[in-house]
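Trainee: One file: structure-v6.cif (mmCIF, C-alpha atoms).
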data_target
#
loop_
_atom_site.label_atom_id
_atom_site.label_comp_id
_atom_site.auth_asym_id
_atom_site.auth_seq_id
_atom_site.Cartn_x
_atom_site.Cartn_y
_atom_site.Cartn_z
CA MET A 1 10.90 -2.16 -13.34
CA ASN A 2 9.63 -5.51 -12.04
CA VAL A 3 6.59 -6.11 -9.82
CA TYR A 4 8.65 -6.20 -6.62
CA ASP A 5 9.97 -2.69 -7.35
CA ILE A 6 6.40 -1.37 -7.64
CA ILE A 7 5.06 -2.82 -4.35
CA VAL A 8 7.45 -1.58 -1.64
CA LYS A 9 5.74 -2.86 1.54
CA PRO A 10 2.32 -3.26 3.16
CA VAL A 11 1.01 -0.47 5.38
CA ILE A 12 0.04 -2.01 8.74
CA THR A 13 -2.08 0.44 10.73
CA GLU A 14 -5.24 0.15 12.79
CA GLN A 15 -7.27 1.81 10.03
CA SER A 16 -5.81 -0.33 7.22
CA MET A 17 -6.41 -3.54 9.19
CA ALA A 18 -10.08 -2.58 9.69
CA ASP A 19 -10.49 -2.42 5.89
CA VAL A 20 -9.19 -5.99 5.39
CA ALA A 21 -12.70 -7.30 6.14
CA ASP A 22 -13.93 -5.38 3.06
CA LYS A 23 -11.09 -6.83 0.93
CA LYS A 24 -9.20 -3.52 0.89
CA TYR A 25 -5.44 -3.71 1.30
CA VAL A 26 -3.01 -0.81 1.67
CA PHE A 27 0.51 -0.88 0.21
CA GLN A 28 3.36 1.58 -0.02
CA VAL A 29 4.26 1.76 -3.70
CA ALA A 30 6.90 3.36 -5.89
CA ILE A 31 6.39 7.12 -6.35
CA ASN A 32 6.25 6.86 -10.16
CA ALA A 33 3.98 3.76 -10.29
CA THR A 34 0.66 4.12 -12.11
CA LYS A 35 -2.65 2.55 -11.07
CA THR A 36 -2.51 0.00 -13.90
CA GLU A 37 1.04 -1.01 -12.93
CA ILE A 38 -0.02 -1.39 -9.28
CA LYS A 39 -3.03 -3.51 -10.28
CA ALA A 40 -0.89 -5.81 -12.44
CA ALA A 41 1.77 -6.13 -9.72
CA VAL A 42 -0.70 -7.07 -6.96
CA GLU A 43 -2.45 -9.59 -9.23
CA GLU A 44 0.87 -11.22 -10.17
CA ILE A 45 2.42 -11.30 -6.68
CA PHE A 46 -0.63 -12.47 -4.70
CA GLY A 47 -2.69 -14.23 -7.39
CA VAL A 48 -5.88 -12.22 -6.75
CA LYS A 49 -8.34 -10.19 -8.86
CA VAL A 50 -8.20 -6.42 -8.32
CA ALA A 51 -11.41 -4.39 -8.75
CA LYS A 52 -9.92 -0.91 -8.29
CA VAL A 53 -6.88 0.99 -7.07
CA ASN A 54 -6.90 4.34 -5.25
CA THR A 55 -3.60 6.16 -4.76
CA VAL A 56 -2.50 9.08 -2.58
CA ARG A 57 0.82 10.93 -2.29
CA MET A 58 1.81 11.20 1.38
CA GLN A 59 4.03 14.13 2.38
CA GLY A 60 6.84 13.42 4.82
CA LYS A 61 6.30 14.70 8.34
CA VAL A 62 8.75 17.16 9.89
CA LYS A 63 10.47 15.52 12.86
CA ARG A 64 13.09 16.89 15.19
CA THR A 65 15.33 15.63 17.94
CA GLY A 66 16.27 18.50 20.20
CA ALA A 67 15.96 22.11 19.22
CA TYR A 68 17.49 23.10 15.93
CA PRO A 69 18.10 20.41 13.29
CA ALA A 70 14.57 19.62 12.14
CA GLY A 71 14.54 16.72 9.71
CA ARG A 72 11.85 15.36 7.46
CA ARG A 73 10.56 11.85 6.89
CA ALA A 74 10.58 10.75 3.27
CA ALA A 75 7.50 11.39 1.16
CA TYR A 76 5.87 8.26 -0.29
CA LYS A 77 2.92 7.04 -2.31
CA LYS A 78 0.37 4.58 -0.97
CA ALA A 79 -2.27 2.58 -2.78
CA VAL A 80 -5.56 1.19 -1.46
CA VAL A 81 -6.27 -1.94 -3.49
CA THR A 82 -9.86 -3.26 -3.52
CA LEU A 83 -10.33 -6.88 -4.57
CA THR A 84 -13.34 -8.26 -6.43
CA ALA A 85 -16.05 -10.05 -4.45
CA ASP A 86 -15.17 -13.47 -5.91
CA SER A 87 -11.40 -13.04 -5.42
CA LYS A 88 -9.52 -14.90 -2.71
CA THR A 89 -8.00 -12.89 0.15
CA ILE A 90 -4.33 -12.06 0.60
CA GLU A 91 -3.07 -14.51 3.22
CA PHE A 92 -0.22 -12.18 4.27
CA PHE A 93 -2.71 -10.01 6.19
CA GLU A 94 -4.70 -12.89 7.75
CA GLY A 95 -2.71 -13.29 10.99
CA MET A 96 -2.66 -9.56 11.73
CA VAL A 97 -6.39 -8.88 11.96
#
Just give me the structure of the file as structure tokens.

Mentor:
Amino acid sequence: MNVYDIIVKPVITEQSMADVADKKYVFQVAINATKTEIKAAVEEIFGVKVAKVNTVRMQGKVKRTGAYPAGRRAAYKKAVVTLTADSKTIEFFEGMV
């Protein structure tokens, strides 16, 4: 599995954008990715220094259109990546704050 398989996409929400000032970035990651794999992937892709990684498994929400056939959004794993104080920022998030 290469680094682009581990980091699926950034999570762009109001809460995650508020944490960018503290050098905390939120990514959706592969379900089976470990914290060390996520740290190595972020450091390689963005060229930054990672201080710590927190992960959480998000359960898919039940959604329905109409009455009977209730569906479910896919479950996923997200990682909150905190950079070191002397690390540069991730420019991808700069225009969105």

Trainee: Translate the PyMOL selection byres ((chain A and resi 59) around 7) into a concrete residue list for this structure, as an NGL selection string.

Mentor: :A and (57-58 or 60-61 or 75-76)

Trainee: Can you write just those residues out, C-alpha atoms, as a compact mmCIF listing (two decimals), keeping the file's coordinate frame?

Mentor:
# COMPACT_ATOMS: atom_id res chain seq x y z
CA ARG A 57 0.82 10.93 -2.29
CA MET A 58 1.81 11.20 1.38
CA GLY A 60 6.84 13.42 4.82
CA LYS A 61 6.30 14.70 8.34
CA ALA A 75 7.50 11.39 1.16
CA TYR A 76 5.87 8.26 -0.29

Trainee: What does the PyMOL selection byres ((chain A and resi 46) around 10) select in this file, as a PDB file with C-alpha atoms, keeping the file's coordinate frame?

Mentor:
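Writing the result to out_37.pdb gives the following:
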ATOM      1  CA  ALA A  41       1.770  -6.130  -9.720  1.00  0.00           C
ATOM      2  CA  VAL A  42      -0.700  -7.070  -6.960  1.00  0.00           C
ATOM      3  CA  GLU A  43      -2.450  -9.590  -9.230  1.00  0.00           C
ATOM      4  CA  GLU A  44       0.870 -11.220 -10.170  1.00  0.00           C
ATOM      5  CA  ILE A  45       2.420 -11.300  -6.680  1.00  0.00           C
ATOM      6  CA  GLY A  47      -2.690 -14.230  -7.390  1.00  0.00           C
ATOM      7  CA  VAL A  48      -5.880 -12.220  -6.750  1.00  0.00           C
ATOM      8  CA  LYS A  49      -8.340 -10.190  -8.860  1.00  0.00           C
ATOM      9  CA  LYS A  88      -9.520 -14.900  -2.710  1.00  0.00           C
ATOM     10  CA  THR A  89      -8.000 -12.890   0.150  1.00  0.00           C
ATOM     11  CA  ILE A  90      -4.330 -12.060   0.600  1.00  0.00           C
ATOM     12  CA  GLU A  91      -3.070 -14.510   3.220  1.00  0.00           C
ATOM     13  CA  PHE A  92      -0.220 -12.180   4.270  1.00  0.00           C
TER      14      PHE A  92
END

Trainee: A:Thr65, A:Gln15, A:Ser87, A:Thr55: which is nearest Thr34 (chain A), counting only C-alpha atoms?

Mentor: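 Of A:Thr65, A:Gln15, A:Ser87, A:Thr55, the one nearest Thr34 (chain A) is A:Thr55, counting only C-alpha atoms.
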
Trainee: Name the residues that the PyMOL selection byres ((chain A and resi 8) around 7) pulls out of this structure, and write them as a compact mmCIF listing (two decimals) with C-alpha atoms, keeping the file's coordinate frame.

Mentor:
# COMPACT_ATOMS: atom_id res chain seq x y z
CA TYR A 4 8.65 -6.20 -6.62
CA ASP A 5 9.97 -2.69 -7.35
CA ILE A 6 6.40 -1.37 -7.64
CA ILE A 7 5.06 -2.82 -4.35
CA LYS A 9 5.74 -2.86 1.54
CA GLN A 28 3.36 1.58 -0.02
CA VAL A 29 4.26 1.76 -3.70
CA ALA A 30 6.90 3.36 -5.89

Trainee: Can you tell me how far CA of Phe27 (chain A) sits from CA of Glu14 (chain A), in Å to one decimal?

Mentor: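 Computed distance, CA of Phe27 (chain A) to CA of Glu14 (chain A), equals 13.9 Å.
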
Trainee: Do you have the CA of Val56 (chain A)-CA of Pro69 (chain A) distance handy?

Mentor: 28.4 Å

Trainee: So which residues touch Asp19 (chain A) within 12 Å, counting all atoms listed in the file, skipping near sequence neighbours fewer than 3 positions away, as a list in words?

Mentor: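 Listing them by chain and then by number gives Val11, Ile12, Thr13, Glu14, Gln15, Ser16, Asp22, Lys23, Lys24, Tyr25, Val26, Val80, Val81, Thr82, Leu83, Phe93 and Val97 of chain A.
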
Trainee: Go ahead and dump the residues you just picked, C-alpha atoms, as a CSV table (one decimal), keeping the file's coordinate frame.

Mentor:
chain,number,residue,atom,x,y,z
A,11,VAL,CA,1.0,-0.5,5.4
A,12,ILE,CA,0.0,-2.0,8.7
A,13,THR,CA,-2.1,0.4,10.7
A,14,GLU,CA,-5.2,0.2,12.8
A,15,GLN,CA,-7.3,1.8,10.0
A,16,SER,CA,-5.8,-0.3,7.2
A,22,ASP,CA,-13.9,-5.4,3.1
A,23,LYS,CA,-11.1,-6.8,0.9
A,24,LYS,CA,-9.2,-3.5,0.9
A,25,TYR,CA,-5.4,-3.7,1.3
A,26,VAL,CA,-3.0,-0.8,1.7
A,80,VAL,CA,-5.6,1.2,-1.5
A,81,VAL,CA,-6.3,-1.9,-3.5
A,82,THR,CA,-9.9,-3.3,-3.5
A,83,LEU,CA,-10.3,-6.9,-4.6
A,93,PHE,CA,-2.7,-10.0,6.2
A,97,VAL,CA,-6.4,-8.9,12.0

Trainee: Using all atoms listed in the file, can you tell me which of A:Val62, A:Met1, A:Ala85, A:Ala70 comes closest to Ile38 (chain A)?

Mentor: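 Closest residue, counting all atoms listed in the file: A:Met1.
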
Trainee: Using the file's own x, y and z axes, what box holds all listed atoms of region 7-25 of chain A with 5 Å on each side, keeping edges along x, y and z, and what are its centre and edge lengths in Å to one decimal, as lines of an AutoDock Vina configuration file?

Mentor:
center_x = -3.2
center_y = -2.7
center_z = 4.2
size_x = 31.4
size_y = 19.1
size_z = 27.1

Trainee: Just to confirm, what's the straight-line distance from CA of Thr36 (chain A) to CA of Ala21 (chain A) in Å (one decimal)?

Mentor: 23.6 Å

Trainee: Which of these residues is nearest to Val50 (chain A), using all atoms listed in the file: A:Lys35, A:Arg72, A:Lys63, A:Lys77?

Mentor: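 Smallest separation from Val50 (chain A) among the options: A:Lys35.
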